[in-house]
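Step one of this worksheet: look at the structure below.
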Amino acid sequence: MSVLLVRWGKEADALEVPEGRTAHEVVSSRFGIPVERLSLVCRGKKSHSTEELLALCAQGAVVMVVGTARRAQLDEPRSAALVALGRVPVVGRPMARSALSLWTFAVRCWGFAVPKVVHYTASAGKLAYLFVASLLPTWRRPERRPHAD
């Protein structure tokens, strides 16, 4: 077994890497970070191989762990209706996914198209008002004639 010196946040630890497991798997299980979101950085370079990391740690280097733990990761926001629909067996999950896709599409269309429709409708109304106003004769107050006394 080889020893891997790691630091994640304020935690520092010496982890034993058994044969048949990679450094990423050992660090992932120790700190609760998913392997796909885990990066191991040693001496300013992102390292991929376990042998390279163990060789650097044998020389006294410390491996920095970069990643977010499962408990701190943010899930995408979901409405209660979609969560409830997703719990229905067999049909619920695909229906919830398609409903979420349709809802996202509708919200994006609404945010993009509605302001333009309102703007163009107001412009057309203003144009129609000006056209009708130009057809009507202008009204002028008749001039007052002086009274003959």
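Ligands are numbered from 1 in the order shown, residues from 1 within each chain, and chains are lettered A, B, ... in the order they appear in the structure tokens.
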Neighbour list for A:Val63 as an mmCIF file with all heavy atoms, in the first residue's frame, cut-off 7 Å, only C-alpha atoms, skip fewer than 4 positions in-chain:
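Saved the output as around02.cif:
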data_model
loop_
_atom_site.group_PDB
_atom_site.id
_atom_site.type_symbol
_atom_site.label_atom_id
_atom_site.label_comp_id
_atom_site.auth_asym_id
_atom_site.auth_seq_id
_atom_site.Cartn_x
_atom_site.Cartn_y
_atom_site.Cartn_z
ATOM 1 N N LEU A 5 -0.849 11.965 0.425
ATOM 2 C CA LEU A 5 -1.077 13.119 1.292
ATOM 3 C C LEU A 5 -2.022 14.073 0.576
ATOM 4 O O LEU A 5 -1.700 14.582 -0.501
ATOM 5 C CB LEU A 5 0.243 13.815 1.612
ATOM 6 C CG LEU A 5 1.316 12.948 2.261
ATOM 7 C CD1 LEU A 5 2.634 13.704 2.324
ATOM 8 C CD2 LEU A 5 0.885 12.503 3.636
ATOM 9 N N VAL A 6 -3.184 14.317 1.169
ATOM 10 C CA VAL A 6 -4.191 15.159 0.509
ATOM 11 C C VAL A 6 -4.646 16.276 1.437
ATOM 12 O O VAL A 6 -4.584 16.162 2.663
ATOM 13 C CB VAL A 6 -5.418 14.329 0.063
ATOM 14 C CG1 VAL A 6 -5.048 13.342 -1.007
ATOM 15 C CG2 VAL A 6 -6.060 13.622 1.223
ATOM 16 N N ARG A 7 -5.124 17.363 0.818
ATOM 17 C CA ARG A 7 -5.695 18.479 1.555
ATOM 18 C C ARG A 7 -6.937 18.952 0.806
ATOM 19 O O ARG A 7 -6.902 19.195 -0.397
ATOM 20 C CB ARG A 7 -4.702 19.623 1.661
ATOM 21 C CG ARG A 7 -5.253 20.767 2.502
ATOM 22 C CD ARG A 7 -4.286 21.907 2.650
ATOM 23 N NE ARG A 7 -3.010 21.409 3.140
ATOM 24 C CZ ARG A 7 -1.846 22.003 2.906
ATOM 25 N NH1 ARG A 7 -1.801 23.098 2.204
ATOM 26 N NH2 ARG A 7 -0.739 21.500 3.374
ATOM 27 N N LEU A 40 -7.670 16.350 -8.803
ATOM 28 C CA LEU A 40 -6.526 16.288 -7.909
ATOM 29 C C LEU A 40 -5.406 17.117 -8.514
ATOM 30 O O LEU A 40 -4.963 16.859 -9.629
ATOM 31 C CB LEU A 40 -6.085 14.840 -7.701
ATOM 32 C CG LEU A 40 -7.141 13.910 -7.094
ATOM 33 C CD1 LEU A 40 -6.601 12.497 -6.992
ATOM 34 C CD2 LEU A 40 -7.581 14.408 -5.741
ATOM 35 N N VAL A 41 -4.954 18.119 -7.769
ATOM 36 C CA VAL A 41 -3.941 19.050 -8.264
ATOM 37 C C VAL A 41 -2.712 18.938 -7.376
ATOM 38 O O VAL A 41 -2.809 19.021 -6.148
ATOM 39 C CB VAL A 41 -4.473 20.507 -8.245
ATOM 40 C CG1 VAL A 41 -3.412 21.470 -8.729
ATOM 41 C CG2 VAL A 41 -5.733 20.620 -9.075
ATOM 42 N N CYS A 42 -1.577 18.732 -8.011
ATOM 43 C CA CYS A 42 -0.325 18.628 -7.271
ATOM 44 C C CYS A 42 0.725 19.480 -7.972
ATOM 45 O O CYS A 42 0.951 19.312 -9.187
ATOM 46 C CB CYS A 42 0.121 17.169 -7.185
ATOM 47 S SG CYS A 42 1.520 16.931 -6.090
#
Extract, using only C-alpha atoms, all DNA, RNA and protein residues at most 10 Å from stretch 19-30 of chain A, discarding same-chain residues fewer than 2 positions from it, and format them as a ChimeraX atom specification. /A:1-4,6-8,13,15-17,32-40,48-51,53-54,65,67,69
Write the residues of the preceding selection, restricted to N, CA and C atoms, as a CSV table (one decimal), in the first residue's frame.
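Below you can see result29.csv, which holds the result:
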chain,number,residue,atom,x,y,z
A,1,MET,N,0.8,-1.2,0.0
A,1,MET,CA,0.0,0.0,0.0
A,1,MET,C,0.9,1.2,0.0
A,2,SER,N,0.4,2.2,-0.7
A,2,SER,CA,1.1,3.5,-0.8
A,2,SER,C,0.2,4.6,-0.1
A,3,VAL,N,0.9,5.6,0.4
A,3,VAL,CA,0.3,6.7,1.1
A,3,VAL,C,0.2,7.9,0.3
A,4,LEU,N,-1.0,8.5,0.3
A,4,LEU,CA,-1.3,9.7,-0.5
A,4,LEU,C,-1.6,10.9,0.5
A,6,VAL,N,-3.2,14.3,1.2
A,6,VAL,CA,-4.2,15.2,0.5
A,6,VAL,C,-4.6,16.3,1.4
A,7,ARG,N,-5.1,17.4,0.8
A,7,ARG,CA,-5.7,18.5,1.6
A,7,ARG,C,-6.9,19.0,0.8
A,8,TRP,N,-8.0,19.1,1.6
A,8,TRP,CA,-9.3,19.6,1.0
A,8,TRP,C,-9.9,20.6,2.0
A,13,ASP,N,-5.1,15.0,5.3
A,13,ASP,CA,-5.1,13.6,5.7
A,13,ASP,C,-4.1,12.8,4.9
A,15,LEU,N,-3.9,9.2,3.2
A,15,LEU,CA,-4.8,8.1,2.8
A,15,LEU,C,-4.0,7.0,2.2
A,16,GLU,N,-4.3,5.8,2.6
A,16,GLU,CA,-3.7,4.6,2.0
A,16,GLU,C,-4.4,4.2,0.8
A,17,VAL,N,-3.7,4.0,-0.3
A,17,VAL,CA,-4.2,3.6,-1.6
A,17,VAL,C,-3.9,2.1,-1.8
A,32,GLY,N,-16.4,12.3,0.3
A,32,GLY,CA,-17.7,12.3,-0.2
A,32,GLY,C,-17.9,13.2,-1.4
A,33,ILE,N,-17.0,13.2,-2.3
A,33,ILE,CA,-17.0,14.0,-3.5
A,33,ILE,C,-17.2,13.0,-4.7
A,34,PRO,N,-18.2,13.2,-5.6
A,34,PRO,CA,-18.4,12.3,-6.7
A,34,PRO,C,-17.1,12.3,-7.6
A,35,VAL,N,-16.7,11.2,-8.1
A,35,VAL,CA,-15.5,11.0,-8.9
A,35,VAL,C,-15.6,12.0,-10.1
A,36,GLU,N,-16.7,12.1,-10.7
A,36,GLU,CA,-16.8,13.0,-11.9
A,36,GLU,C,-16.6,14.5,-11.6
A,37,ARG,N,-16.7,14.9,-10.4
A,37,ARG,CA,-16.6,16.3,-10.0
A,37,ARG,C,-15.3,16.5,-9.2
A,38,LEU,N,-14.4,15.5,-9.2
A,38,LEU,CA,-13.2,15.5,-8.4
A,38,LEU,C,-12.0,15.8,-9.3
A,39,SER,N,-11.1,16.7,-8.8
A,39,SER,CA,-9.9,17.0,-9.5
A,39,SER,C,-8.8,17.0,-8.5
A,40,LEU,N,-7.7,16.3,-8.8
A,40,LEU,CA,-6.5,16.3,-7.9
A,40,LEU,C,-5.4,17.1,-8.5
A,48,HIS,N,-3.7,13.0,-13.4
A,48,HIS,CA,-4.7,12.0,-13.8
A,48,HIS,C,-4.3,10.6,-13.3
A,49,SER,N,-3.0,10.3,-13.2
A,49,SER,CA,-2.7,8.9,-12.9
A,49,SER,C,-2.3,8.8,-11.5
A,50,THR,N,-2.6,7.6,-10.9
A,50,THR,CA,-2.4,7.3,-9.5
A,50,THR,C,-0.9,7.2,-9.3
A,51,GLU,N,-0.2,6.6,-10.2
A,51,GLU,CA,1.3,6.4,-10.0
A,51,GLU,C,2.0,7.7,-10.0
A,53,LEU,N,0.8,10.6,-8.9
A,53,LEU,CA,0.5,11.2,-7.6
A,53,LEU,C,1.3,10.6,-6.5
A,54,LEU,N,1.3,9.2,-6.5
A,54,LEU,CA,2.0,8.5,-5.4
A,54,LEU,C,3.5,8.8,-5.5
A,65,VAL,N,-7.2,18.7,-3.2
A,65,VAL,CA,-8.4,18.1,-3.7
A,65,VAL,C,-9.4,19.3,-4.1
A,67,GLY,N,-13.2,20.0,-5.6
A,67,GLY,CA,-14.5,19.4,-5.9
A,67,GLY,C,-15.5,19.8,-4.8
A,69,ALA,N,-18.5,18.5,-2.3
A,69,ALA,CA,-19.1,17.3,-1.7
A,69,ALA,C,-20.5,17.1,-2.1
Separation of atom CA of A:Arg70 from atom CA of A:Lys45 in Å: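 One can read the atom CA of A:Lys45 to atom CA of A:Arg70 distance as 24.3 Å.
These are the residues of stretch 11-123 of chain A assigned strand (DSSP E or B) by DSSP from backbone coordinates: A:Glu11, A:Ala12, A:Asp13, A:Ala14, A:Leu15, A:Glu16, A:Val17, A:Ser39, A:Leu40, A:Val41, A:Cys42, A:Lys45, A:Lys46, A:Ser47, A:Val63, A:Met64, A:Val65, A:Val66.
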Interatomic distance (Å, one decimal) between atom CA of A:Ala122 and atom CA of A:Val107: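 If I compute the distance from atom CA of A:Ala122 to atom CA of A:Val107, I get 22.4 Å.
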Between A:Ala124, A:Met64, A:Leu130, A:Val88, which has the minimum distance to A:Ala12 (counting only C-alpha atoms)?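 Once distances to A:Ala12 are computed over only C-alpha atoms, the minimum belongs to A:Met64.
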